[in-house]
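Novice: Structure: run.txt, compact mmCIF, C-alpha atoms.
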# COMPACT_ATOMS: atom_id res chain seq x y z
CA MET A 630 20.70 3.90 8.83
CA ALA A 631 18.69 0.97 7.52
CA THR A 632 16.79 0.61 4.26
CA VAL A 633 13.07 -0.08 3.99
CA VAL A 634 11.60 -1.11 0.63
CA ALA A 635 7.82 -0.76 0.34
CA PHE A 636 6.27 -2.84 -2.46
CA HIS A 637 2.84 -1.65 -3.58
CA ALA A 638 0.36 -2.42 -6.33
CA HIS A 639 -0.63 1.06 -7.58
CA PRO A 640 0.29 4.70 -7.05
CA ASP A 641 -1.63 5.98 -3.96
CA ASP A 642 -1.45 2.59 -2.19
CA GLU A 643 1.85 3.73 -0.65
CA VAL A 644 -0.06 6.44 1.25
CA LEU A 645 -3.24 4.57 2.10
CA MET A 646 -1.48 1.51 3.53
CA THR A 647 1.93 2.69 4.71
CA GLY A 648 2.25 6.46 4.28
CA GLY A 649 2.74 7.32 7.93
CA THR A 650 5.17 4.46 8.44
CA LEU A 651 7.29 5.53 5.50
CA ALA A 652 7.31 9.15 6.67
CA ARG A 653 8.31 8.08 10.17
CA ALA A 654 11.04 5.74 8.92
CA ALA A 655 12.50 8.49 6.72
CA ALA A 656 12.31 11.06 9.52
CA GLU A 657 14.19 8.70 11.84
CA GLY A 658 17.05 8.43 9.36
CA HIS A 659 16.24 5.30 7.37
CA ARG A 660 16.42 5.08 3.58
CA VAL A 661 12.95 4.55 2.11
CA VAL A 662 12.40 3.05 -1.35
CA ILE A 663 8.96 2.72 -2.92
CA VAL A 664 8.37 0.10 -5.62
CA VAL A 665 5.05 -0.09 -7.48
CA ALA A 666 4.08 -3.06 -9.60
CA THR A 667 1.78 -1.05 -11.88
CA ASP A 668 1.55 2.50 -13.16
CA GLY A 669 -2.15 2.66 -12.34
CA ALA A 670 -3.11 3.03 -15.99
CA MET A 671 -5.39 0.64 -17.87
CA GLY A 672 -4.58 1.56 -21.48
CA ALA A 673 -1.65 2.35 -23.73
CA LEU A 674 0.58 5.19 -22.57
CA GLY A 675 1.50 8.33 -24.45
CA PRO A 676 5.00 9.84 -24.68
CA GLY A 677 4.75 11.27 -21.16
CA GLY A 678 3.95 7.94 -19.55
CA SER A 679 1.38 7.53 -16.81
CA PRO A 680 0.51 10.73 -14.92
CA ARG A 681 -0.01 8.63 -11.84
CA ILE A 682 3.72 7.86 -11.68
CA GLY A 683 4.34 11.61 -11.54
CA GLU A 684 1.84 11.84 -8.69
CA LEU A 685 3.61 8.97 -6.97
CA ARG A 686 6.94 10.79 -7.17
CA ALA A 687 5.34 13.90 -5.66
CA SER A 688 3.84 11.80 -2.87
CA ALA A 689 7.17 10.03 -2.26
CA ALA A 690 8.96 13.38 -1.96
CA VAL A 691 6.49 14.47 0.73
CA LEU A 692 7.01 11.21 2.63
CA GLY A 693 10.79 11.53 2.43
CA ALA A 694 11.41 8.53 0.17
CA ALA A 695 14.79 8.41 -1.53
CA ARG A 696 13.80 6.39 -4.60
CA VAL A 697 10.73 5.36 -6.60
CA VAL A 698 10.69 2.39 -9.00
CA HIS A 699 7.97 1.09 -11.34
CA LEU A 700 8.29 -2.61 -12.19
CA GLY A 701 6.84 -1.97 -15.64
CA TYR A 702 3.37 -3.53 -15.48
CA ALA A 703 -0.08 -2.16 -16.30
CA ASP A 704 -2.99 -2.00 -13.88
CA SER A 705 -5.14 -5.13 -14.01
CA GLY A 706 -8.36 -3.38 -13.04
CA ASN A 707 -10.95 -4.55 -10.54
CA GLY A 708 -14.07 -6.63 -10.95
CA PRO A 709 -14.65 -10.00 -12.63
CA LEU A 710 -13.41 -9.06 -16.10
CA LEU A 711 -9.66 -9.03 -16.77
CA TYR A 712 -9.19 -6.92 -19.90
CA PRO A 713 -6.64 -7.78 -22.62
CA ASP A 714 -3.17 -6.39 -22.12
CA PRO A 715 -2.49 -2.95 -23.58
CA PRO A 716 -0.11 -3.05 -26.57
CA ASP A 717 2.90 -1.68 -24.70
CA ARG A 718 3.00 -3.74 -21.49
CA VAL A 719 1.54 -6.70 -19.58
CA ARG A 720 -1.09 -6.42 -16.88
CA PHE A 721 0.39 -7.33 -13.51
CA ALA A 722 -2.16 -10.08 -12.94
CA ARG A 723 -0.85 -11.84 -16.07
CA ALA A 724 2.85 -11.32 -15.30
CA ALA A 725 4.89 -14.51 -15.10
CA PRO A 726 5.60 -15.00 -11.37
CA GLU A 727 9.29 -15.77 -11.86
CA GLU A 728 9.76 -12.72 -14.07
CA ALA A 729 7.95 -10.33 -11.70
CA ALA A 730 9.72 -11.73 -8.63
CA GLY A 731 13.02 -11.48 -10.49
CA ARG A 732 12.46 -7.80 -11.25
CA LEU A 733 11.71 -7.05 -7.61
CA ALA A 734 14.54 -9.26 -6.36
CA ALA A 735 17.02 -7.32 -8.51
CA ILE A 736 15.99 -4.12 -6.73
CA LEU A 737 16.20 -5.83 -3.35
CA ARG A 738 19.72 -7.09 -4.06
CA GLU A 739 20.73 -3.56 -5.05
CA GLU A 740 19.16 -1.89 -2.03
CA ARG A 741 19.82 -4.66 0.53
CA PRO A 742 16.89 -3.67 2.77
CA GLU A 743 16.50 -4.74 6.35
CA VAL A 744 12.73 -4.76 5.83
CA LEU A 745 10.43 -5.37 2.86
CA LEU A 746 6.86 -4.11 3.22
CA SER A 747 4.24 -6.00 1.24
CA TYR A 748 0.53 -6.98 1.61
CA ASP A 749 -1.36 -9.59 3.59
CA ALA A 750 -2.51 -12.83 1.99
CA ASN A 751 -5.94 -11.38 1.15
CA GLY A 752 -4.39 -8.45 -0.66
CA GLY A 753 -6.43 -6.30 1.71
CA TYR A 754 -9.87 -6.31 0.11
CA GLY A 755 -8.92 -8.86 -2.56
CA HIS A 756 -7.93 -6.76 -5.59
CA ARG A 757 -6.10 -9.11 -7.97
CA ASP A 758 -3.04 -6.83 -8.12
CA HIS A 759 -2.88 -6.64 -4.33
CA VAL A 760 -3.04 -10.41 -3.96
CA LYS A 761 -0.24 -10.72 -6.48
CA VAL A 762 1.86 -8.17 -4.55
CA HIS A 763 1.62 -10.51 -1.56
CA GLU A 764 2.73 -13.51 -3.63
CA ILE A 765 5.51 -11.74 -5.54
CA GLY A 766 6.75 -9.93 -2.44
CA ARG A 767 7.30 -13.17 -0.53
CA HIS A 768 8.91 -14.86 -3.54
CA ALA A 769 11.27 -11.96 -4.24
CA ALA A 770 12.27 -11.67 -0.59
CA ALA A 771 13.25 -15.34 -0.61
CA LEU A 772 15.22 -14.92 -3.85
CA ALA A 773 17.09 -11.89 -2.51
CA GLY A 774 17.58 -13.15 1.02
CA VAL A 775 15.57 -10.42 2.77
CA GLY A 776 15.03 -11.68 6.29
CA GLN A 777 12.21 -9.40 7.45
CA VAL A 778 8.95 -9.12 5.52
CA LEU A 779 6.13 -7.12 7.11
CA GLU A 780 2.79 -7.27 5.33
CA ALA A 781 0.53 -4.21 5.50
CA THR A 782 -3.06 -4.83 6.53
CA ILE A 783 -5.92 -3.51 8.67
CA PRO A 784 -7.59 -5.34 11.58
CA ARG A 785 -11.04 -6.56 10.60
CA GLN A 786 -12.60 -4.94 13.66
CA VAL A 787 -11.35 -1.57 12.44
CA VAL A 788 -12.73 -2.26 8.95
CA ALA A 789 -16.12 -3.28 10.36
CA ARG A 790 -16.37 -0.15 12.54
CA THR A 791 -15.42 2.07 9.62
CA LEU A 792 -18.06 0.56 7.33
CA LYS A 793 -20.73 1.04 10.01
CA VAL A 794 -19.84 4.72 10.28
CA VAL A 795 -19.96 5.05 6.48
CA ASP A 796 -23.43 3.48 6.39
CA ARG A 797 -24.83 5.44 9.34
CA LEU A 798 -23.63 8.74 7.92
CA LYS A 799 -24.90 7.72 4.46
CA LEU A 800 -21.60 8.72 2.91
CA PRO A 801 -21.45 8.31 -0.89
CA VAL A 802 -18.82 5.58 -0.71
CA ARG A 803 -19.11 2.24 -2.44
CA HIS A 804 -17.68 -0.54 -0.32
CA ASP A 805 -19.27 -3.56 -1.98
CA ALA A 806 -15.78 -4.91 -2.77
CA VAL A 807 -15.04 -5.26 0.95
CA THR A 808 -16.50 -8.45 2.40
CA PRO A 809 -16.76 -8.20 6.21
CA GLY A 810 -15.10 -11.11 7.96
CA THR A 811 -12.84 -12.05 5.05
CA ALA A 812 -11.17 -8.84 3.86
CA TYR A 813 -7.87 -7.74 5.38
CA SER A 814 -6.75 -9.69 8.49
CA ALA A 815 -8.06 -11.10 11.73
CA ASP A 816 -7.01 -9.03 14.72
CA SER A 817 -5.15 -12.03 16.15
CA ALA A 818 -2.92 -12.16 13.05
CA ILE A 819 -1.60 -8.60 13.49
CA THR A 820 1.95 -8.68 14.84
CA HIS A 821 3.10 -5.06 14.51
CA ARG A 822 1.62 -1.60 14.60
CA VAL A 823 3.08 1.83 13.98
CA ASN A 824 1.93 5.05 15.64
CA VAL A 825 1.97 7.65 12.87
CA ARG A 826 -0.08 10.49 14.37
CA ALA A 827 2.97 12.75 14.42
CA TYR A 828 3.18 12.36 10.63
CA ALA A 829 -0.46 13.16 9.89
CA ARG A 830 0.34 16.32 7.93
CA GLN A 831 2.82 14.48 5.71
CA LYS A 832 0.47 11.56 5.10
CA GLN A 833 -2.37 13.95 4.30
CA ALA A 834 -0.21 16.00 1.91
CA ALA A 835 1.06 12.84 0.23
CA LEU A 836 -2.53 11.70 -0.30
CA ALA A 837 -3.40 15.07 -1.82
CA ALA A 838 -0.53 14.63 -4.31
CA HIS A 839 -2.59 11.92 -6.05
CA ARG A 840 -4.77 14.51 -7.74
CA SER A 841 -6.19 12.25 -10.44
CA GLN A 842 -7.56 9.91 -7.80
CA VAL A 843 -8.74 12.60 -5.39
CA ASN A 844 -10.61 14.46 -8.15
CA GLY A 845 -11.61 11.45 -10.23
CA PRO A 846 -14.73 9.27 -10.35
CA GLY A 847 -13.27 6.28 -8.47
CA ARG A 848 -15.06 4.64 -5.58
CA LEU A 849 -12.54 6.00 -3.06
CA ALA A 850 -12.49 9.55 -4.44
CA PRO A 851 -15.17 10.92 -2.05
CA VAL A 852 -13.30 9.49 0.93
CA MET A 853 -9.97 10.87 -0.27
CA ARG A 854 -11.49 14.32 -0.78
CA ALA A 855 -12.98 14.25 2.71
CA LEU A 856 -9.72 13.10 4.28
CA ILE A 857 -7.53 15.79 2.77
CA ARG A 858 -9.97 18.48 4.01
CA LEU A 859 -9.81 17.34 7.63
CA PRO A 860 -7.77 19.33 10.16
CA ALA A 861 -4.46 17.51 10.57
CA PRO A 862 -5.12 16.51 14.22
CA VAL A 863 -8.44 14.93 13.20
CA PHE A 864 -6.78 13.21 10.23
CA GLY A 865 -4.21 11.83 12.68
CA CYS A 866 -6.94 10.44 14.91
CA VAL A 867 -8.64 8.75 11.96
CA LEU A 868 -5.51 7.39 10.24
CA GLY A 869 -2.98 7.51 13.06
CA ARG A 870 -2.20 3.79 13.15
CA GLU A 871 -0.84 1.39 10.54
CA TRP A 872 -0.68 -2.38 10.96
CA PHE A 873 1.49 -5.23 9.72
CA ILE A 874 1.91 -9.00 9.86
CA ASP A 875 5.36 -10.54 10.24
CA ALA A 876 5.62 -13.06 7.40
CA THR A 877 8.44 -14.95 9.11
CA GLY A 878 6.21 -16.17 11.91
CA THR A 879 8.80 -15.40 14.58
CA ALA A 880 7.99 -13.85 17.95
CA PRO A 881 7.16 -10.16 17.39
CA ARG A 882 9.95 -7.73 18.27
CA THR A 883 10.48 -4.04 17.71
CA VAL A 884 11.92 -3.52 14.23
CA LEU A 885 14.13 -0.50 13.41
CA GLY A 886 12.57 1.33 16.33
CA VAL A 887 9.53 1.96 14.11
CA PHE A 888 7.47 -1.26 14.01
CA GLU A 889 6.25 -2.10 17.52
CA PRO A 890 4.76 -5.45 18.61
CA ALA A 891 0.99 -5.27 18.55
CA ARG A 892 0.68 -7.05 21.86
Now, as a test, write the supplied structure out as structure tokens.
Specialist:
Amino acid sequence: MATVVAFHAHPDDEVLMTGGTLARAAAEGHRVVIVVATDGAMGALGPGGSPRIGELRASAAVLGAARVVHLGYADSGNGPLLYPDPPDRVRFARAAPEEAAGRLAAILREERPEVLLSYDANGGYGHRDHVKVHEIGRHAAALAGVGQVLEATIPRQVVARTLKVVDRLKLPVRHDAVTPGTAYSADSAITHRVNVRAYARQKQAALAAHRSQVNGPGRLAPVMRALIRLPAPVFGCVLGREWFIDATGTAPRTVLGVFEPAR
């Protein structure tokens, strides 16, 4: 049994970017640990903490994860304006790199993972917290001596096709934050892919666990609501692949029997 640590920016990212992979890794006997940089909340927290961490724990249980850790930072928000820090914690975008990498490295030294999952250099569509996950993930892996870092992404061709479908169907989905040709990763950069169709029901149920996001006013809420209503086989066809880039730059090889070379 190996250990896989998945480092994400916010609760729900673990499903959207790597949910099927985590479910498959857990089902095949590997220990799965999910680490989130932020609690997904913008303001000060009450005594119960962020409800999104509770949703994350429910999602993680569905995926088969053994442990969930929050690094202690607040959501930095999207858009051009970076709001002041809430009184009880620092926004992840303002976190000192050495401190944030040190927090993650401490978990990595404890867990001793064979693989760290992080994000591509663009942070997917460029959210400031996602870009920082990429930077902190690489730094922490170097500090802790993790030899295999796989960065979650989506091929740009897939992104472009998806946006065309959204526009043609006139779906009420804002995608102005996604810049075609620069968001996510070039197809040639993809080194690994994971077939997760067999785990469609788990990924769909894990997504549904993020109730505040599914039922909220966010730009992805209409998509999330539509996805969790799909029949599982259709959901598997739509979200049945997940993609990664090997940060080490070595020749792609099958990793843990889960991550297969893309070519």
Novice: Set out as CSV a contact list for range 700-736 of chain A and range 760-765 of chain A with a cut-off of 12 Å, giving each residue of range 700-736 of chain A that qualifies its closest atom pair and distance in Å to one decimal, counting only C-alpha atoms, ordered by chain and rising residue number.
Specialist:
residue,atom,partner,partner_atom,distance
A:Leu700,CA,A:Val762,CA,11.4
A:Tyr702,CA,A:Val762,CA,12.0
A:Asp704,CA,A:Lys761,CA,11.8
A:Ser705,CA,A:Lys761,CA,10.6
A:Asn707,CA,A:Val760,CA,11.8
A:Arg720,CA,A:Lys761,CA,11.3
A:Phe721,CA,A:Lys761,CA,7.8
A:Ala722,CA,A:Lys761,CA,6.8
A:Arg723,CA,A:Lys761,CA,9.7
A:Ala724,CA,A:Lys761,CA,9.4
A:Ala725,CA,A:Ile765,CA,10.0
A:Pro726,CA,A:Ile765,CA,6.7
A:Glu727,CA,A:Ile765,CA,8.4
A:Glu728,CA,A:Ile765,CA,9.6
A:Ala729,CA,A:Ile765,CA,6.8
A:Ala730,CA,A:Ile765,CA,5.2
A:Gly731,CA,A:Ile765,CA,9.0
A:Arg732,CA,A:Ile765,CA,9.8
A:Leu733,CA,A:Ile765,CA,8.0
A:Ala734,CA,A:Ile765,CA,9.4
Novice: Return as JSON lines the residues of range 833-892 of chain A lying at most 10 Å from range 643-655 of chain A, together with the closest atom-to-atom pair for each and the distance in Å to one decimal, counting all atoms listed in the file, with rows in chain order and ascending residue number.
Specialist:
{"residue": "A:Gln833", "atom": "CA", "partner": "A:Val644", "partner_atom": "CA", "distance": 8.4}
{"residue": "A:Ala834", "atom": "CA", "partner": "A:Val644", "partner_atom": "CA", "distance": 9.6}
{"residue": "A:Ala835", "atom": "CA", "partner": "A:Val644", "partner_atom": "CA", "distance": 6.6}
{"residue": "A:Leu836", "atom": "CA", "partner": "A:Val644", "partner_atom": "CA", "distance": 6.0}
{"residue": "A:Ala837", "atom": "CA", "partner": "A:Val644", "partner_atom": "CA", "distance": 9.7}
{"residue": "A:Ala838", "atom": "CA", "partner": "A:Val644", "partner_atom": "CA", "distance": 9.9}
{"residue": "A:His839", "atom": "CA", "partner": "A:Val644", "partner_atom": "CA", "distance": 9.5}
{"residue": "A:Met853", "atom": "CA", "partner": "A:Leu645", "partner_atom": "CA", "distance": 9.5}
{"residue": "A:Gly865", "atom": "CA", "partner": "A:Gly649", "partner_atom": "CA", "distance": 9.6}
{"residue": "A:Leu868", "atom": "CA", "partner": "A:Gly649", "partner_atom": "CA", "distance": 8.6}
{"residue": "A:Gly869", "atom": "CA", "partner": "A:Gly649", "partner_atom": "CA", "distance": 7.7}
{"residue": "A:Arg870", "atom": "CA", "partner": "A:Gly649", "partner_atom": "CA", "distance": 8.0}
{"residue": "A:Glu871", "atom": "CA", "partner": "A:Thr647", "partner_atom": "CA", "distance": 6.6}
{"residue": "A:Trp872", "atom": "CA", "partner": "A:Met646", "partner_atom": "CA", "distance": 8.4}
{"residue": "A:Phe873", "atom": "CA", "partner": "A:Thr647", "partner_atom": "CA", "distance": 9.4}
{"residue": "A:Leu885", "atom": "CA", "partner": "A:Ala654", "partner_atom": "CA", "distance": 8.3}
{"residue": "A:Gly886", "atom": "CA", "partner": "A:Ala654", "partner_atom": "CA", "distance": 8.8}
{"residue": "A:Val887", "atom": "CA", "partner": "A:Ala654", "partner_atom": "CA", "distance": 6.6}
{"residue": "A:Phe888", "atom": "CA", "partner": "A:Thr650", "partner_atom": "CA", "distance": 8.3}
Novice: Name the closest residue to Ala876 in chain A among the candidates A:Val788, A:Leu779, A:Ile857, A:Ala829; distances are taken between atoms, counting only C-alpha atoms.
Specialist: A:Leu779
Novice: So the first atom is CA of Ala703 in chain A and the second is CA of His639 in chain A; what is the distance between them in Å, to one decimal place?
Specialist: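 Separation between CA of Ala703 in chain A and CA of His639 in chain A: 9.3 Å.
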Novice: Between CA of Arg830 in chain A and CA of Leu856 in chain A, what is the distance, to one decimal in Å?
Specialist: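 Here the two named atoms are 11.2 Å from each other.
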Novice: Just the number, please: distance in Å from CA of Tyr748 in chain A to CA of Thr782 in chain A, one decimal.
Specialist: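 Distance reported for this atom pair: 6.5 Å.
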Novice: Which polymer residues have any atom within 9 Å of an atom of Val662 in chain A, counting all atoms listed in the file, with same-chain residues fewer than 3 positions away left out, as a JSON list (two decimals) with C-alpha atoms, in the frame of the given file?
Specialist:
[["chain", "number", "residue", "atom", "x", "y", "z"],
["A", 632, "THR", "CA", 16.79, 0.61, 4.26],
["A", 633, "VAL", "CA", 13.07, -0.08, 3.99],
["A", 634, "VAL", "CA", 11.60, -1.11, 0.63],
["A", 635, "ALA", "CA", 7.82, -0.76, 0.34],
["A", 636, "PHE", "CA", 6.27, -2.84, -2.46],
["A", 651, "LEU", "CA", 7.29, 5.53, 5.50],
["A", 689, "ALA", "CA", 7.17, 10.03, -2.26],
["A", 694, "ALA", "CA", 11.41, 8.53, 0.17],
["A", 695, "ALA", "CA", 14.79, 8.41, -1.53],
["A", 696, "ARG", "CA", 13.80, 6.39, -4.60],
["A", 697, "VAL", "CA", 10.73, 5.36, -6.60],
["A", 698, "VAL", "CA", 10.69, 2.39, -9.00],
["A", 740, "GLU", "CA", 19.16, -1.89, -2.03]]
Novice: Return the single residue from A:Gly669, A:His821, A:Val884, A:Ser841 that is closest to Glu743 in chain A, with distances computed using all atoms listed in the file.
Specialist: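 Going through A:Gly669, A:His821, A:Val884, A:Ser841 one by one, the smallest distance to Glu743 in chain A is for A:Val884.
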Novice: Can you tell me which residues surround Ile682 in chain A at a distance of at most 10 Å, considering only C-alpha atoms, apart from same-chain residues fewer than 2 positions away, and format the answer as a PyMOL selection string?
Specialist: chain A and resi 639-641+665+667-670+678-680+684-688+697-699+839
Novice: Of the candidates A:Ser747, A:Asn844, A:Thr811, A:Thr820, which one gets nearest to Arg892 in chain A if we count all atoms listed in the file?
Specialist: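 Closest candidate: A:Thr820.
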